[in-house]
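Below is protein14.cif, holding mmCIF, C-alpha atoms.
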data_final
loop_
_atom_site.label_atom_id
_atom_site.label_comp_id
_atom_site.auth_asym_id
_atom_site.auth_seq_id
_atom_site.Cartn_x
_atom_site.Cartn_y
_atom_site.Cartn_z
CA MET M 1 89.73 27.31 -77.22
CA LEU M 2 86.87 29.77 -77.18
CA ILE M 3 83.41 29.84 -75.59
CA ASP M 4 80.45 31.01 -77.66
CA GLU M 5 78.97 33.67 -75.40
CA GLU M 6 75.58 33.36 -77.07
CA LYS M 7 75.38 29.67 -76.18
CA CYS M 8 76.81 29.85 -72.63
CA ILE M 9 74.00 29.59 -70.04
CA GLY M 10 76.28 30.34 -67.08
CA CYS M 11 75.86 26.94 -65.40
CA LYS M 12 79.53 26.90 -64.29
CA GLN M 13 79.81 23.12 -64.84
CA CYS M 14 82.90 23.54 -67.02
CA LEU M 15 84.91 25.65 -64.56
CA PRO M 16 86.69 22.88 -62.60
CA TYR M 17 87.58 20.83 -65.68
CA CYS M 18 90.33 23.12 -66.99
CA PRO M 19 93.81 21.80 -66.02
CA ALA M 20 95.21 25.31 -66.56
CA GLY M 21 92.51 27.16 -64.59
CA ALA M 22 91.84 29.22 -67.72
CA ILE M 23 88.03 29.26 -67.66
CA LEU M 24 86.83 32.53 -66.13
CA PHE M 25 83.34 33.52 -64.99
CA HIS M 26 82.08 37.10 -65.27
CA ASP M 27 78.62 38.62 -65.76
CA LYS M 28 76.94 35.19 -65.64
CA LYS M 29 79.03 33.89 -68.53
CA ALA M 30 82.08 31.65 -68.82
CA SER M 31 84.98 32.75 -70.99
CA ILE M 32 88.51 31.61 -71.79
CA ASP M 33 91.61 33.43 -70.58
CA LEU M 34 93.54 32.95 -73.80
CA ASP M 35 96.85 33.86 -72.19
CA GLU M 36 96.50 30.97 -69.70
CA CYS M 37 94.73 28.45 -71.96
CA VAL M 38 97.15 25.72 -73.09
CA GLU M 39 94.86 24.35 -75.84
CA CYS M 40 94.70 20.87 -74.30
CA ASN M 41 91.07 20.48 -75.44
CA VAL M 42 89.89 18.76 -72.23
CA CYS M 43 86.87 21.08 -71.85
CA TYR M 44 85.78 20.41 -75.43
CA ARG M 45 86.49 16.67 -75.46
CA VAL M 46 84.87 15.78 -72.14
CA GLY M 47 81.60 17.24 -73.37
CA VAL M 48 80.82 18.90 -70.06
CA CYS M 49 78.97 21.83 -71.64
CA PRO M 50 75.24 21.05 -72.03
CA GLU M 51 74.97 23.72 -74.73
CA GLU M 52 78.11 22.71 -76.68
CA ALA M 53 79.42 26.25 -76.31
CA PHE M 54 83.12 25.38 -76.61
CA VAL M 55 84.61 26.24 -79.99
CA GLN M 56 87.97 25.01 -81.26
CA GLN M 57 89.44 27.96 -83.13
CA PRO M 58 92.13 27.47 -85.80
CA LEU M 59 95.59 27.85 -84.23
CA ALA M 60 98.29 29.74 -86.10
CA TRP M 61 101.99 29.86 -85.23
CA PRO M 62 103.16 30.46 -82.54
CA ARG M 63 99.96 29.65 -80.62
CA SER M 64 99.82 26.25 -82.34
CA VAL M 65 102.79 25.21 -80.18
CA ARG M 66 100.45 25.14 -77.16
CA ALA M 67 98.32 22.33 -78.60
CA VAL M 68 101.34 20.38 -79.81
CA TYR M 69 102.66 20.06 -76.22
CA SER M 70 99.35 19.99 -74.34
CA ASP M 71 96.85 17.89 -76.28
CA PRO M 72 98.11 14.27 -76.27
CA LEU M 73 96.01 13.41 -79.31
CA ASN M 74 98.35 15.50 -81.46
CA VAL M 75 100.46 13.18 -83.58
CA HIS M 76 103.98 14.53 -84.00
CA LYS M 77 105.50 14.46 -87.45
CA GLU M 78 108.92 13.66 -85.94
CA THR M 79 107.77 10.44 -84.25
CA GLY M 80 104.45 9.38 -85.75
CA LEU M 81 103.35 9.11 -82.12
CA ALA M 82 100.68 10.84 -80.12
CA GLY M 83 101.72 12.39 -76.80
CA ARG M 84 104.59 14.62 -75.71
CA GLY M 85 107.61 12.37 -75.93
CA THR M 86 109.17 9.53 -77.86
CA GLU M 87 109.16 5.76 -77.70
CA GLU M 88 112.11 6.07 -75.24
CA ILE M 89 112.49 2.82 -73.25
CA LYS M 90 109.11 1.56 -74.36
CA THR M 91 110.61 0.00 -77.49
CA ASN M 92 114.25 -0.20 -76.43
CA ASP M 93 114.20 -3.97 -76.89
CA VAL M 94 113.66 -3.31 -80.62
CA THR M 95 115.47 -0.02 -81.23
CA GLY M 96 118.50 -0.43 -78.96
CA ARG M 97 118.35 3.31 -78.34
CA PHE M 98 119.67 3.06 -74.77
CA LYS M 99 122.77 0.88 -74.52
CA SER M 100 124.75 -0.23 -71.50
CA GLY M 101 127.07 2.60 -70.47
CA GLU M 102 124.66 5.28 -71.61
CA ILE M 103 121.92 6.85 -69.49
CA GLY M 104 118.77 8.53 -70.76
CA VAL M 105 117.50 11.55 -68.87
CA ALA M 106 114.12 13.23 -69.39
CA ILE M 107 113.06 16.53 -67.86
CA GLU M 108 109.34 17.20 -68.18
CA VAL M 109 108.91 20.91 -67.61
CA GLY M 110 105.57 21.96 -66.09
CA ARG M 111 104.68 18.51 -64.79
CA PRO M 112 102.88 17.71 -62.54
CA GLY M 113 99.95 19.86 -63.51
CA ILE M 114 101.46 23.34 -63.18
CA GLY M 115 102.24 24.09 -66.80
CA SER M 116 105.00 26.32 -68.07
CA ARG M 117 105.86 29.15 -70.38
CA LEU M 118 108.46 27.99 -72.87
CA ARG M 119 110.83 30.68 -71.62
CA GLU M 120 111.09 28.65 -68.40
CA LEU M 121 111.86 25.51 -70.37
CA GLU M 122 114.55 27.39 -72.25
CA LYS M 123 116.46 27.89 -68.99
CA MET M 124 116.80 24.11 -68.77
CA SER M 125 117.70 23.55 -72.44
CA ILE M 126 120.41 26.26 -72.20
CA ALA M 127 121.85 24.67 -69.04
CA LEU M 128 121.99 21.21 -70.63
CA ALA M 129 123.41 22.45 -73.94
CA GLY M 130 126.29 23.88 -71.92
CA ILE M 131 127.46 20.45 -70.79
CA GLU M 132 129.78 18.81 -73.30
CA GLY M 133 128.73 15.22 -73.98
CA VAL M 134 124.98 15.74 -73.53
CA LYS M 135 123.11 14.62 -76.65
CA PHE M 136 119.57 15.87 -77.28
CA GLU M 137 117.29 13.09 -78.56
CA PRO M 138 116.73 13.83 -82.27
CA LYS M 139 113.29 12.21 -82.42
CA ASN M 140 111.90 14.20 -79.50
CA PRO M 141 109.27 16.64 -80.84
CA LEU M 142 110.89 19.51 -78.90
CA THR M 143 114.47 18.96 -80.08
CA GLY M 144 113.77 20.37 -83.55
CA LEU M 145 112.94 23.72 -81.97
CA ILE M 146 116.10 23.94 -79.87
CA ASP M 147 119.34 25.51 -81.15
CA LEU M 148 121.56 22.65 -80.02
CA SER M 149 124.70 24.75 -79.66
CA SER M 150 123.11 27.35 -77.34
CA GLY M 151 120.00 25.59 -76.08
CA LYS M 152 117.89 28.57 -77.09
CA LEU M 153 114.35 28.39 -78.45
CA PRO M 154 112.88 30.66 -81.15
CA ALA M 155 112.08 34.03 -79.54
CA ASP M 156 108.53 34.09 -80.85
CA ILE M 157 107.45 31.01 -78.88
CA LEU M 158 108.93 31.92 -75.49
CA ASN M 159 105.69 33.33 -74.09
CA GLU M 160 103.61 30.35 -75.19
CA LYS M 161 102.26 28.28 -72.33
CA VAL M 162 102.02 24.47 -72.40
CA LEU M 163 100.78 21.85 -69.97
CA SER M 164 104.22 20.26 -70.14
CA ALA M 165 107.02 19.61 -72.60
CA ILE M 166 109.84 17.12 -72.37
CA ILE M 167 113.55 17.60 -72.92
CA GLU M 168 115.15 14.22 -73.60
CA VAL M 169 118.91 13.72 -73.55
CA ALA M 170 121.37 10.86 -73.49
CA VAL M 171 124.56 11.09 -71.44
CA PRO M 172 127.56 8.84 -70.82
CA ARG M 173 127.50 7.17 -67.38
CA ALA M 174 130.32 9.40 -66.18
CA LEU M 175 128.24 12.54 -66.77
CA LEU M 176 125.00 11.48 -65.09
CA LEU M 177 125.60 13.00 -61.68
CA GLU M 178 126.76 16.33 -63.12
CA VAL M 179 123.68 16.42 -65.33
CA VAL M 180 121.30 15.63 -62.45
CA ARG M 181 122.87 18.33 -60.27
CA THR M 182 122.60 20.83 -63.13
CA ILE M 183 118.93 19.97 -63.58
CA LYS M 184 118.25 20.42 -59.86
CA ASN M 185 120.04 23.77 -59.69
CA THR M 186 118.37 25.04 -62.85
CA ALA M 187 114.91 23.93 -61.69
CA GLU M 188 115.30 26.04 -58.56
CA ALA M 189 115.59 29.14 -60.76
CA MET M 190 112.50 28.29 -62.82
CA ASP M 191 108.98 29.58 -62.19
CA THR M 192 107.47 26.11 -62.48
CA VAL M 193 108.15 22.50 -61.55
CA VAL M 194 109.90 19.71 -63.45
CA SER M 195 109.56 15.93 -63.24
CA VAL M 196 112.80 14.11 -63.91
CA ASP M 197 113.62 10.52 -64.78
CA VAL M 198 116.58 8.34 -65.64
CA ALA M 199 116.57 5.42 -68.09
CA SER M 200 119.16 2.67 -68.08
CA ARG M 201 119.98 -0.96 -68.77
CA PRO M 202 121.34 -3.50 -66.30
CA GLY M 203 125.08 -3.34 -65.74
CA LYS M 204 127.45 -6.33 -65.60
CA ASP M 205 126.55 -6.83 -61.95
CA GLY M 206 122.85 -7.05 -62.83
CA ARG M 207 121.95 -3.76 -61.14
CA TRP M 208 120.27 -0.99 -63.10
CA GLU M 209 123.11 1.32 -64.13
CA GLY M 210 121.25 4.55 -63.42
CA GLU M 211 120.03 3.43 -60.02
CA ALA M 212 123.49 2.28 -58.97
CA LEU M 213 124.96 5.70 -59.78
CA LEU M 214 122.16 7.60 -58.03
CA TYR M 215 122.31 5.36 -54.96
CA GLY M 216 126.09 5.80 -54.76
CA ALA M 217 125.71 9.57 -54.87
CA ASP M 218 122.86 9.61 -52.33
CA ILE M 219 120.46 11.11 -54.88
CA TYR M 220 116.80 10.38 -54.15
CA TYR M 221 114.76 8.31 -56.59
CA ARG M 222 111.20 7.13 -56.20
CA PRO M 223 110.20 3.50 -55.49
CA ASN M 224 108.05 3.24 -58.62
CA ALA M 225 109.33 2.81 -62.13
CA LYS M 226 108.48 1.36 -65.47
CA ILE M 227 110.24 -1.56 -67.06
CA ASN M 228 110.45 -2.76 -70.65
CA ILE M 229 110.26 -6.54 -70.31
CA GLY M 230 112.01 -7.47 -73.54
CA LEU M 231 109.20 -9.10 -75.51
CA GLY M 232 109.66 -6.89 -78.60
CA LYS M 233 111.09 -8.24 -81.83
CA PRO M 234 112.43 -6.28 -84.80
CA LEU M 235 110.09 -8.13 -87.13
CA ILE M 236 106.66 -9.01 -85.88
CA PRO M 237 106.06 -12.75 -86.52
CA MET D 1 108.06 10.37 -72.16
CA THR D 2 106.95 8.56 -69.08
CA HIS D 3 103.21 9.15 -68.96
CA THR D 4 102.84 6.17 -66.64
CA LEU D 5 105.92 6.84 -64.51
CA HIS D 6 105.55 9.77 -62.15
CA ARG D 7 102.59 8.48 -60.13
CA GLN D 8 102.77 9.72 -56.57
CA GLY D 9 101.66 8.26 -53.26
CA SER D 10 102.78 6.02 -50.44
CA GLU D 11 104.18 2.59 -51.22
CA GLU D 12 101.05 1.12 -49.64
CA SER D 13 98.82 3.01 -52.07
CA LEU D 14 101.05 2.43 -55.11
CA ALA D 15 101.03 -1.31 -54.33
CA GLY D 16 97.54 -1.39 -55.86
CA ASP D 17 98.39 0.39 -59.09
CA PHE D 18 99.96 -1.40 -62.07
CA THR D 19 100.10 -0.16 -65.66
CA ILE D 20 100.96 -2.03 -68.83
CA LEU D 21 101.35 -0.93 -72.42
CA ALA D 22 102.12 -2.74 -75.66
CA MET D 23 103.34 -1.10 -78.85
CA PRO D 24 105.37 -1.59 -82.03
CA SER D 25 108.30 0.64 -82.87
CA SER D 26 107.43 3.24 -85.47
CA GLY D 27 108.94 2.36 -88.85
CA LEU D 28 110.66 -0.80 -87.58
CA ASN D 29 107.88 -3.25 -86.83
CA SER D 30 104.81 -1.04 -86.95
CA ALA D 31 103.50 -2.01 -90.40
CA GLY D 32 100.73 -4.55 -89.99
CA SER D 33 100.74 -4.27 -86.21
CA LEU D 34 97.01 -3.63 -85.84
CA PRO D 35 95.95 -7.29 -85.31
CA LYS D 36 98.75 -7.68 -82.75
CA LEU D 37 97.58 -4.61 -80.86
CA ALA D 38 94.02 -5.97 -80.92
CA LYS D 39 95.26 -9.30 -79.55
CA ALA D 40 97.21 -7.56 -76.79
CA LEU D 41 94.08 -5.61 -75.86
CA ASP D 42 92.07 -8.86 -75.76
CA ILE D 43 94.65 -10.31 -73.35
CA PHE D 44 94.44 -7.16 -71.22
CA LEU D 45 90.65 -7.44 -71.08
CA LYS D 46 90.76 -11.11 -70.05
CA TYR D 47 92.11 -10.15 -66.61
CA ASP D 48 89.60 -7.51 -65.54
CA PRO D 49 91.53 -4.23 -65.86
CA VAL D 50 90.15 -1.13 -64.14
CA ASN D 51 90.87 0.89 -67.28
CA ILE D 52 91.99 0.38 -70.87
CA GLY D 53 92.77 2.74 -73.69
CA ASP D 54 94.82 3.57 -76.73
CA SER D 55 97.11 6.48 -77.38
CA LYS D 56 95.47 7.90 -80.47
CA GLY D 57 91.77 7.61 -79.70
CA GLY D 58 90.58 7.27 -76.15
CA SER D 59 89.83 5.09 -73.15
CA ARG D 60 87.02 2.98 -71.71
CA PHE D 61 85.77 6.07 -69.91
CA SER D 62 86.38 8.78 -72.51
CA LEU D 63 84.80 6.69 -75.28
CA GLY D 64 82.21 4.97 -73.11
CA SER D 65 82.95 1.28 -73.67
CA ASP D 66 85.66 -1.32 -74.27
CA GLU D 67 84.17 -2.10 -77.68
CA ALA D 68 84.62 1.55 -78.67
CA VAL D 69 88.32 1.34 -77.76
CA LYS D 70 88.73 -1.83 -79.81
CA GLY D 71 86.93 -0.20 -82.71
CA ILE D 72 89.34 2.69 -83.14
CA LEU D 73 92.70 0.89 -83.00
CA VAL D 74 95.15 1.68 -85.80
CA ASP D 75 98.65 0.53 -86.73
CA ASN D 76 101.57 2.16 -84.94
CA GLU D 77 100.12 3.10 -81.58
CA LEU D 78 100.04 2.05 -77.92
CA VAL D 79 97.41 0.08 -76.05
CA HIS D 80 97.20 0.42 -72.27
CA ALA D 81 95.60 -1.25 -69.28
CA VAL D 82 95.61 -0.69 -65.52
CA TYR D 83 95.37 -3.37 -62.81
CA ARG D 84 95.08 -3.50 -59.03
CA THR D 85 97.07 -6.66 -58.23
CA LYS D 86 100.34 -8.42 -59.01
CA GLU D 87 98.42 -11.59 -59.79
CA GLN D 88 96.50 -9.89 -62.60
CA LEU D 89 99.69 -8.47 -64.07
CA VAL D 90 101.49 -11.83 -63.92
CA ASN D 91 98.60 -13.52 -65.75
CA VAL D 92 98.74 -10.88 -68.47
CA LEU D 93 102.51 -11.24 -68.85
CA VAL D 94 102.29 -15.03 -69.14
CA ASP D 95 99.65 -14.74 -71.86
CA LEU D 96 101.58 -12.06 -73.73
CA LYS D 97 104.73 -14.16 -73.65
CA ASP D 98 102.84 -17.19 -74.94
CA ALA D 99 101.18 -15.12 -77.67
CA ASP D 100 104.62 -14.03 -78.95
CA LEU D 101 103.22 -10.91 -80.59
CA GLY D 102 106.60 -9.24 -81.10
CA LEU D 103 105.26 -5.99 -79.64
CA SER D 104 107.29 -4.23 -76.97
CA VAL D 105 105.69 -4.40 -73.54
CA THR D 106 106.33 -2.00 -70.66
CA ILE D 107 104.96 -2.35 -67.13
CA GLY D 108 104.71 0.27 -64.40
CA GLY D 109 104.46 0.12 -60.60
CA LEU D 110 106.66 -0.37 -57.56
CA VAL D 111 110.05 -1.65 -58.77
CA GLY D 112 110.17 -4.62 -56.40
CA SER D 113 106.68 -5.72 -57.38
CA LEU D 114 107.46 -5.39 -61.09
CA GLU D 115 110.60 -7.46 -60.73
CA ASP D 116 108.59 -10.10 -58.80
CA CYS D 117 106.03 -10.17 -61.62
CA CYS D 118 108.79 -10.64 -64.21
CA ARG D 119 110.23 -13.57 -62.24
CA SER D 120 106.79 -15.16 -61.84
CA ALA D 121 106.07 -14.84 -65.56
CA SER D 122 109.61 -15.89 -66.58
CA VAL D 123 110.30 -12.70 -68.53
CA LYS D 124 113.55 -10.76 -68.30
CA PRO D 125 113.57 -7.01 -67.55
CA HIS D 126 115.33 -5.21 -70.40
CA THR D 127 115.39 -1.46 -69.66
CA ILE D 128 114.14 0.64 -66.77
CA VAL D 129 113.15 4.25 -66.32
CA GLN D 130 113.09 5.58 -62.76
CA SER D 131 111.60 8.76 -61.41
CA LEU D 132 113.70 11.28 -59.53
CA GLY D 133 110.51 13.03 -58.49
CA VAL D 134 109.65 16.70 -58.76
CA MET D 135 112.06 19.65 -58.58
CA GLY D 136 111.62 23.41 -58.78
CA LYS D 137 108.85 25.61 -57.34
CA MET D 138 107.34 22.98 -55.04
CA GLU D 139 105.14 25.59 -53.36
CA LYS D 140 103.03 25.69 -56.53
CA LEU D 141 101.91 22.09 -56.00
CA PRO D 142 98.56 21.22 -54.38
CA ASP D 143 97.82 19.01 -51.39
CA PRO D 144 99.76 15.73 -51.82
CA ARG D 145 96.58 13.64 -51.85
CA VAL D 146 95.19 15.73 -54.72
CA LEU D 147 98.50 15.23 -56.49
CA GLU D 148 98.27 11.46 -56.01
CA VAL D 149 95.04 11.44 -57.98
CA ALA D 150 96.19 13.92 -60.63
CA THR D 151 99.47 12.13 -61.39
CA MET D 152 97.60 9.01 -62.49
CA CYS D 153 96.89 10.90 -65.72
CA GLY D 154 100.42 11.29 -67.05
CA HIS D 155 99.37 13.98 -69.52
CA HIS D 156 97.79 15.94 -66.64
CA LEU D 157 94.39 16.32 -68.18
CA VAL D 158 92.75 15.70 -64.78
CA SER D 159 92.61 19.10 -63.10
CA PHE D 160 93.34 19.75 -59.45
CA ASP D 161 90.13 21.81 -59.25
CA LEU D 162 87.99 18.93 -60.49
CA ILE D 163 89.50 16.54 -57.94
CA ARG D 164 88.74 19.01 -55.13
CA GLU D 165 85.23 19.67 -56.47
CA LEU D 166 84.36 15.98 -56.64
CA ALA D 167 85.87 15.33 -53.19
CA ARG D 168 83.58 18.07 -51.82
CA LYS D 169 80.58 16.34 -53.42
CA VAL D 170 81.64 13.00 -51.92
CA ALA D 171 82.04 14.67 -48.52
CA LYS D 172 78.47 16.03 -48.83
CA LYS D 173 77.22 12.54 -49.84
CA LYS D 174 76.10 13.90 -53.21
CA LEU D 175 78.39 11.53 -55.10
CA SER D 176 80.04 8.17 -54.39
CA GLY D 177 83.80 7.81 -54.47
CA GLU D 178 83.41 5.24 -57.24
CA LYS D 179 81.47 7.66 -59.45
CA ALA D 180 83.98 10.41 -58.73
CA GLY D 181 86.82 8.13 -59.87
CA LYS D 182 85.01 7.34 -63.10
CA LYS D 183 84.19 11.00 -63.79
CA LEU D 184 87.87 11.86 -63.44
CA ALA D 185 88.83 8.96 -65.71
CA ARG D 186 86.83 10.56 -68.55
CA CYS D 187 89.40 13.37 -68.71
CA CYS D 188 92.35 10.98 -69.19
CA ILE D 189 92.44 10.29 -72.89
CA CYS D 190 94.78 7.31 -73.11
CA GLY D 191 93.37 5.10 -70.35
CA VAL D 192 96.22 4.97 -67.81
CA PHE D 193 94.20 6.63 -65.03
CA ASN D 194 93.24 4.24 -62.22
CA PRO D 195 89.66 5.15 -61.24
CA ALA D 196 89.48 2.57 -58.44
CA ARG D 197 92.57 3.93 -56.68
CA ALA D 198 91.31 7.46 -57.31
CA ALA D 199 88.02 6.56 -55.60
CA GLU D 200 89.87 5.35 -52.51
CA ILE D 201 91.98 8.51 -52.29
CA ILE D 202 89.01 10.81 -52.90
CA GLU D 203 87.06 9.08 -50.13
CA GLU D 204 90.01 9.76 -47.83
CA ILE D 205 90.13 13.43 -48.87
CA ALA D 206 86.35 13.66 -48.39
CA ALA D 207 86.53 12.10 -44.94
CA ARG D 208 89.03 14.78 -43.97
CA MET D 209 86.70 17.49 -45.28
CA ALA D 210 83.61 16.14 -43.52
#
Can you dump the structure from the file as structure tokens?
Amino acid sequence: MLIDEEKCIGCKQCLPYCPAGAILFHDKKASIDLDECVECNVCYRVGVCPEEAFVQQPLAWPRSVRAVYSDPLNVHKETGLAGRGTEEIKTNDVTGRFKSGEIGVAIEVGRPGIGSRLRELEKMSIALAGIEGVKFEPKNPLTGLIDLSSGKLPADILNEKVLSAIIEVAVPRALLLEVVRTIKNTAEAMDTVVSVDVASRPGKDGRWEGEALLYGADIYYRPNAKINIGLGKPLIP
Amino acid sequence: MTHTLHRQGSEESLAGDFTILAMPSSGLNSAGSLPKLAKALDIFLKYDPVNIGDSKGGSRFSLGSDEAVKGILVDNELVHAVYRTKEQLVNVLVDLKDADLGLSVTIGGLVGSLEDCCRSASVKPHTIVQSLGVMGKMEKLPDPRVLEVATMCGHHLVSFDLIRELARKVAKKKLSGEKAGKKLARCCICGVFNPARAAEIIEEIAARMA
């Protein structure tokens, strides 16, 4: 994003809108700190500028990565979906992606609201790639960038900053606790925050499989969740 | 993943915050899904949601009206709504079940409340995703009340600075909490932000500032 200096009247109305804190104010004019801007387009889309001074510049690689993981109106070619992730549990009643005995784990790097350089995210992808049995979700828009044997990302995108990006993996039940502990330890060495979640189906005893494992290991989980209620059908009537 | 999941706050506050989304699965049952998505949105609107939206275009507040949201629906996307009470959510679930649209439906909120809603509407929970919260450099996070507001936009398009700025205006009586909530909702593009709950939290932040 850019600001047309000729149009800016220095009203400062746009300053608080930037989720990345990337709008600066000097010499009675607003400008964009391009190193911090994540290309989420909030400033442009909300229409806060009375002079329409925001300008969406063309984004070339590797800067284009910022918009892909920050502006939720980007439609990913891998999924056909807008947003940062996949259909995950939202269509599990149709896709059968998560089965009993298998747990989905998502690590959203930079969330809530802090953002992240991709080099920080790479610390997590390397840690997870080192655990045998962890499967990266092929339809996740980030997975195509990760070297699945090492967890490394392309060197030319490591300094790019995004609002958040999601690593999605599936693990056998027996690996869940090791994976959660690895995520926690790795997050402590990262210069950002991560939001973590666990997806599962009910076990034979009717309890959610993920919750039962976490509860048994005394691992904290929040009281709110989201639930697919099983109304989906493979063919719409 | 999980744009409606990681909402923060006390159980008392989260008890007034329910999300719902309906969608086809891309490439499996997405072809021709547009009329089903429109029907789902009509059912959402019947029960007085505090916000609605779709994933590829915008929300009641970013586009300016419910009709504008309905006008931009396309095949293969998500439609969302947000409610304040269990009763509203149960009514929506009953209607969606009766409509038999074949779309996948996911609800968000406190687990116990969601399971109650499923029982009341005679629908069976299929898959769950649960939040383990936030890990890492926690010292980078803002005041927890600010975070409660910000996390209602799962894509984090609602900035911490804007929440603080509007709370200051509410504290100075230059803006109502309700208007502050709606201003914030304009930033959330897909319509999962709860402006009514945001207004309550902002009024609490403002009272602390005053």
* Nearby residues (all atoms listed in the file) at most 10 Å from M:Gly21, same-chain spacing under 6 positions excluded, as an MDAnalysis selection string -> (chainID M and resid 15 32:33 36:38 114) or (chainID D and resid 159:161)
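The space between atom CA of M:Pro62 and atom CA of M:Thr182 spans 29.1 Å.
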* Shortest interatomic distance to chain M - which of D:Leu63, D:Leu41, D:Ile52, D:Ala198, counting only C-alpha atoms -> D:Leu63
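Between atom CA of M:Gln13 and atom CA of M:Phe25 lies a distance of 11.0 Å.
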* To do: Using only C-alpha atoms, determine which residues lie at most 9 Å from D:Gly27, disregarding the query and same-chain residues fewer than 3 positions distant; provide the list as a list in words.
  => Gly80 of chain M; Pro24, Ser30, Ala31 and Asn76 of chain D
Residues matched by the PyMOL selection byres ((chain D) within 6 of (chain M)), written as a compact mmCIF listing (two decimals) with C-alpha atoms, in the frame of the given file:
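Generated file (selection.txt):
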# COMPACT_ATOMS: atom_id res chain seq x y z
CA MET D 1 108.06 10.37 -72.16
CA LEU D 5 105.92 6.84 -64.51
CA SER D 25 108.30 0.64 -82.87
CA ASN D 29 107.88 -3.25 -86.83
CA LYS D 56 95.47 7.90 -80.47
CA GLY D 102 106.60 -9.24 -81.10
CA LEU D 103 105.26 -5.99 -79.64
CA SER D 104 107.29 -4.23 -76.97
CA VAL D 105 105.69 -4.40 -73.54
CA THR D 106 106.33 -2.00 -70.66
CA ILE D 107 104.96 -2.35 -67.13
CA GLY D 108 104.71 0.27 -64.40
CA GLY D 109 104.46 0.12 -60.60
CA LEU D 110 106.66 -0.37 -57.56
CA VAL D 111 110.05 -1.65 -58.77
CA LYS D 124 113.55 -10.76 -68.30
CA PRO D 125 113.57 -7.01 -67.55
CA HIS D 126 115.33 -5.21 -70.40
CA THR D 127 115.39 -1.46 -69.66
CA ILE D 128 114.14 0.64 -66.77
CA VAL D 129 113.15 4.25 -66.32
CA GLN D 130 113.09 5.58 -62.76
CA SER D 131 111.60 8.76 -61.41
CA LEU D 132 113.70 11.28 -59.53
CA GLY D 133 110.51 13.03 -58.49
CA VAL D 134 109.65 16.70 -58.76
CA MET D 135 112.06 19.65 -58.58
CA GLY D 136 111.62 23.41 -58.78
CA LYS D 137 108.85 25.61 -57.34
CA HIS D 156 97.79 15.94 -66.64
CA LEU D 157 94.39 16.32 -68.18
CA SER D 159 92.61 19.10 -63.10
CA ASP D 161 90.13 21.81 -59.25
CA LEU D 162 87.99 18.93 -60.49
* To do: Fewer than 6 positions away in the same chain doesn't count, so skip those; otherwise give me all residues within 12 Å of D:Ala207, counting all atoms listed in the file, as an NGL selection string.
  => :D and (167-173 or 177 or 200-201)
* If you measure from atom CA of D:Arg7 to atom CA of D:Lys86, what distance in Å do you get, rounded to one decimal? -> 17.1 Å
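When all atoms listed in the file are used to compute distances to D:Gly53, the closest of the residues D:Ser120, D:Thr19, D:Ser26, D:Asn91 turns out to be D:Thr19.
Of the listed residues D:Ser13, D:Gln88, D:Thr2, D:Gln8, the one whose atoms come nearest to D:Thr151 is D:Gln8, with distances taken using all atoms listed in the file.
Under the PyMOL selection byres ((chain M and resi 127) around 10), the matching residues in the shown file are Glu122, Lys123, Met124, Ser125, Ile126, Leu128, Ala129, Gly130, Ile131, Ser150, Gly151, Lys152, Val179, Thr182, Ile183, Asn185 and Thr186 of chain M.
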